[in-house]
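*Asks:* Quick one: the structure is below, questions incoming.
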Amino acid sequence: MATVLSHTEGEEVCEIVGDLTDAYVHTCQRVIRKMRWEPNCGNYGRLTVHDTVESRSKDFVKAFHLHCQSQPFLRDGAVIIESGTHQLVCNILSPKNAKIELIGGEGRQFEVDGVNYDTPDKEHTEAGWGQIVITDQGDDTHTEFLVELEIVKKENT
């Protein structure tokens with residue numbers, strides 16, 4: 001449901017830009033996603049996701065979702081997801097007025113708008129913990145989500 005607008009690949013950066021509007025046409029006039037991978041940033045590289053969302057109504061709640069296998073926590077405005085000796089640090093750079101919700105745990109792994117759409121087939125489902133939902137608290141039709149994701153070694157390991 002997306003159209004690739006551009007794609008670049010090099011030793012320092014790989015980037016793809018896609019138009020996702022068709023997937024959200026019922027609520028949005030335009031949705032563009034840019035994903036940028038910088039393999040030489042930090043110890044393990046950095047992924048930056050930049051969404052530009054133009055909703056059809058200023059009342060429409062625009063959200064950015066990250067799904068995770070283990071329970072995340074907030075630290076210094078960032079969302080941290082731990083796995084073994086490492087952490088995924090998710091820095092939310094935009095919107096500045098973002099609301100960050102951690103939704104998950106037993107009975108809430110598949111929750112959307114207060115309803116858990118659970119599945120009886122747990123054996124073949126990677127349920128994980130749940131999701132991180134970042135919403136824009138503004139009342140404009142235009143929202144920019146900018147999230148940097150970087151793996152770092154846990155302190156004291």
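For the structure tokens, the naming scheme is as follows: chains receive sequential letters (A, B, ...) according to their order of presentation, residues are indexed from 1 within each chain, and ligands are indexed from 1 in presentation order.
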Just the residues within 8 Å of Gly77 (chain A), please, counting only C-alpha atoms, with nothing from its chain fewer than 3 positions along; format it as a PyMOL selection string.
*Replies:* chain A and resi 74+91-92
*Asks:* Write the selection just made, keeping N, CA and C atoms, as a PDB file, in the first residue's frame?
*Replies:*
```
ATOM      1  N   LEU A  74      10.519   4.634  30.624  1.00  0.00           N
ATOM      2  CA  LEU A  74      10.910   5.988  30.237  1.00  0.00           C
ATOM      3  C   LEU A  74      12.101   6.439  31.074  1.00  0.00           C
ATOM      4  N   ASN A  91      14.722   7.888  21.091  1.00  0.00           N
ATOM      5  CA  ASN A  91      14.619   9.311  21.393  1.00  0.00           C
ATOM      6  C   ASN A  91      13.536   9.925  20.527  1.00  0.00           C
ATOM      7  N   ILE A  92      12.534  10.516  21.176  1.00  0.00           N
ATOM      8  CA  ILE A  92      11.443  11.160  20.462  1.00  0.00           C
ATOM      9  C   ILE A  92      11.808  12.638  20.320  1.00  0.00           C
TER      10      ILE A  92
END
```
*Asks:* Within 9 Å of region 123-144 of chain A, which residues of region 19-86 of chain A come that close, and what is the closest atom pair and distance in Å for each? Count only C-alpha atoms and give it as JSON lines.
*Replies:*
```
{"residue": "A:Cys28", "atom": "CA", "partner": "A:Thr141", "partner_atom": "CA", "distance": 8.9}
{"residue": "A:His50", "atom": "CA", "partner": "A:Glu144", "partner_atom": "CA", "distance": 7.0}
{"residue": "A:Asp51", "atom": "CA", "partner": "A:Glu144", "partner_atom": "CA", "distance": 5.7}
{"residue": "A:Thr52", "atom": "CA", "partner": "A:Glu144", "partner_atom": "CA", "distance": 4.7}
{"residue": "A:Val53", "atom": "CA", "partner": "A:Thr143", "partner_atom": "CA", "distance": 5.2}
{"residue": "A:Glu54", "atom": "CA", "partner": "A:His142", "partner_atom": "CA", "distance": 4.7}
{"residue": "A:Ser55", "atom": "CA", "partner": "A:Thr141", "partner_atom": "CA", "distance": 4.9}
{"residue": "A:Arg56", "atom": "CA", "partner": "A:Thr141", "partner_atom": "CA", "distance": 6.8}
{"residue": "A:Ser57", "atom": "CA", "partner": "A:Thr141", "partner_atom": "CA", "distance": 6.0}
{"residue": "A:Lys58", "atom": "CA", "partner": "A:Thr141", "partner_atom": "CA", "distance": 4.6}
{"residue": "A:Asp59", "atom": "CA", "partner": "A:Asp139", "partner_atom": "CA", "distance": 6.6}
{"residue": "A:Phe60", "atom": "CA", "partner": "A:Thr141", "partner_atom": "CA", "distance": 7.8}
{"residue": "A:Val61", "atom": "CA", "partner": "A:Thr135", "partner_atom": "CA", "distance": 7.0}
{"residue": "A:Lys62", "atom": "CA", "partner": "A:Thr135", "partner_atom": "CA", "distance": 5.8}
{"residue": "A:Ala63", "atom": "CA", "partner": "A:Thr135", "partner_atom": "CA", "distance": 4.4}
{"residue": "A:Phe64", "atom": "CA", "partner": "A:Ile134", "partner_atom": "CA", "distance": 5.0}
{"residue": "A:His65", "atom": "CA", "partner": "A:Val133", "partner_atom": "CA", "distance": 4.7}
{"residue": "A:Leu66", "atom": "CA", "partner": "A:Ile132", "partner_atom": "CA", "distance": 5.0}
{"residue": "A:His67", "atom": "CA", "partner": "A:Gln131", "partner_atom": "CA", "distance": 4.2}
{"residue": "A:Cys68", "atom": "CA", "partner": "A:Gln131", "partner_atom": "CA", "distance": 5.7}
{"residue": "A:Gln69", "atom": "CA", "partner": "A:Gly128", "partner_atom": "CA", "distance": 3.8}
{"residue": "A:Ser70", "atom": "CA", "partner": "A:Trp129", "partner_atom": "CA", "distance": 5.0}
{"residue": "A:Gln71", "atom": "CA", "partner": "A:Trp129", "partner_atom": "CA", "distance": 5.7}
{"residue": "A:Pro72", "atom": "CA", "partner": "A:Ile132", "partner_atom": "CA", "distance": 8.0}
{"residue": "A:Val79", "atom": "CA", "partner": "A:Ile132", "partner_atom": "CA", "distance": 8.3}
```
*Asks:* Report the distance between CA of Asn43 (chain A) and CA of Leu88 (chain A) in Å, rounded to one decimal place.
*Replies:*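 CA of Leu88 (chain A) lies 12.1 Å from CA of Asn43 (chain A).
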*Asks:* Give me, as a PDB file with C-alpha atoms, in the first residue's frame, all polymer residues having an atom no more than 7 Å from Gln87 (chain A), counting only C-alpha atoms and skipping those fewer than 5 positions away in the same chain.
*Replies:*
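After the write, out-v7.pdb holds the following:
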```pdb
ATOM      1  CA  ILE A  80      14.185   2.283  26.679  1.00  0.00           C
ATOM      2  CA  ILE A  81      13.657  -1.351  25.665  1.00  0.00           C
ATOM      3  CA  GLU A  82      16.057  -3.842  27.251  1.00  0.00           C
ATOM      4  CA  ILE A 151      21.230   0.173  20.366  1.00  0.00           C
ATOM      5  CA  VAL A 152      23.594   0.741  23.290  1.00  0.00           C
ATOM      6  CA  LYS A 153      25.295  -1.529  25.785  1.00  0.00           C
ATOM      7  CA  LYS A 154      23.589  -1.476  29.208  1.00  0.00           C
TER       8      LYS A 154
END
```
*Asks:* For Ser6 (chain A), list every protein, DNA or RNA residue within 12 Å, evaluated using only C-alpha atoms, and leave out those in the same chain fewer than 5 positions away; present the list as JSON, numbers by chain.
*Replies:* {"A": [14, 15, 16, 17, 18, 19, 32, 33, 34, 35, 36]}
*Asks:* Among region 31-87 of chain A, which ones does DSSP assign to strand (DSSP E) (computed from the backbone)? Answer as a PyMOL selection string.
*Replies:* chain A and resi 31-38+46-55+63-68+73-75+78-83+86-87
*Asks:* For the residues in that selection, give me C-alpha atoms as a CSV table (one decimal), in the first residue's frame.
*Replies:*
```csv
chain,number,residue,atom,x,y,z
A,31,VAL,CA,1.5,10.4,5.0
A,32,ILE,CA,5.2,10.3,4.1
A,33,ARG,CA,7.8,8.1,5.9
A,34,LYS,CA,11.5,8.6,5.7
A,35,MET,CA,13.8,5.9,7.2
A,36,ARG,CA,17.5,6.6,7.4
A,37,TRP,CA,20.1,4.0,8.5
A,38,GLU,CA,23.5,5.3,9.5
A,46,ARG,CA,21.3,4.6,14.2
A,47,LEU,CA,17.9,4.3,12.6
A,48,THR,CA,15.9,7.5,12.2
A,49,VAL,CA,12.2,7.4,11.3
A,50,HIS,CA,10.6,10.6,10.2
A,51,ASP,CA,6.9,10.7,9.5
A,52,THR,CA,5.1,13.7,8.0
A,53,VAL,CA,1.3,13.4,8.5
A,54,GLU,CA,-1.4,15.7,7.2
A,55,SER,CA,-4.7,14.6,8.6
A,63,ALA,CA,0.1,8.5,16.5
A,64,PHE,CA,3.4,6.8,16.0
A,65,HIS,CA,3.6,3.1,17.2
A,66,LEU,CA,6.5,1.0,18.2
A,67,HIS,CA,5.9,-2.6,19.1
A,68,CYS,CA,8.2,-4.3,21.6
A,73,PHE,CA,10.4,2.2,30.5
A,74,LEU,CA,10.9,6.0,30.2
A,75,ARG,CA,14.2,7.7,31.1
A,78,ALA,CA,13.5,8.6,25.9
A,79,VAL,CA,11.9,5.1,25.8
A,80,ILE,CA,14.2,2.3,26.7
A,81,ILE,CA,13.7,-1.4,25.7
A,82,GLU,CA,16.1,-3.8,27.3
A,83,SER,CA,17.2,-7.2,25.9
A,86,HIS,CA,21.8,-4.2,25.5
A,87,GLN,CA,19.1,-1.5,25.2
```
*Asks:* CA of Ala23 (chain A) and CA of Pro120 (chain A), how far apart in Å?
*Replies:*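 That distance, rounded to one decimal, is 27.3 Å.
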*Asks:* What's around Asn116 (chain A) at 12 Å? Count only C-alpha atoms, leave out sequence neighbours fewer than 2 positions away in its own chain, and write the answer as a VMD selection string.
*Replies:* chain A and resid 103 to 114 118 to 119 127 130
*Asks:* Generate a file of the selected residues that holds C-alpha atoms, formatted as a PDB file, in the first residue's frame.
*Replies:*
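Below you can see out.pdb, which holds the result:
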```
ATOM      1  CA  ILE A 103       0.477  -0.029  26.576  1.00  0.00           C
ATOM      2  CA  GLY A 104       0.928  -3.733  27.158  1.00  0.00           C
ATOM      3  CA  GLY A 105       1.486  -6.545  29.578  1.00  0.00           C
ATOM      4  CA  GLU A 106      -0.692  -9.564  30.248  1.00  0.00           C
ATOM      5  CA  GLY A 107      -4.084  -9.123  28.584  1.00  0.00           C
ATOM      6  CA  ARG A 108      -3.042  -5.901  26.798  1.00  0.00           C
ATOM      7  CA  GLN A 109      -0.530  -7.120  24.181  1.00  0.00           C
ATOM      8  CA  PHE A 110      -2.902  -6.409  21.283  1.00  0.00           C
ATOM      9  CA  GLU A 111      -4.747  -3.413  22.709  1.00  0.00           C
ATOM     10  CA  VAL A 112      -6.099  -0.726  20.396  1.00  0.00           C
ATOM     11  CA  ASP A 113      -8.273   2.103  21.756  1.00  0.00           C
ATOM     12  CA  GLY A 114      -8.909   0.228  25.002  1.00  0.00           C
ATOM     13  CA  ASP A 118      -6.121 -11.114  21.563  1.00  0.00           C
ATOM     14  CA  THR A 119      -5.522 -14.309  19.630  1.00  0.00           C
ATOM     15  CA  ALA A 127       2.814 -11.338  21.017  1.00  0.00           C
ATOM     16  CA  GLY A 130       2.805  -4.552  23.715  1.00  0.00           C
TER      17      GLY A 130
END
```
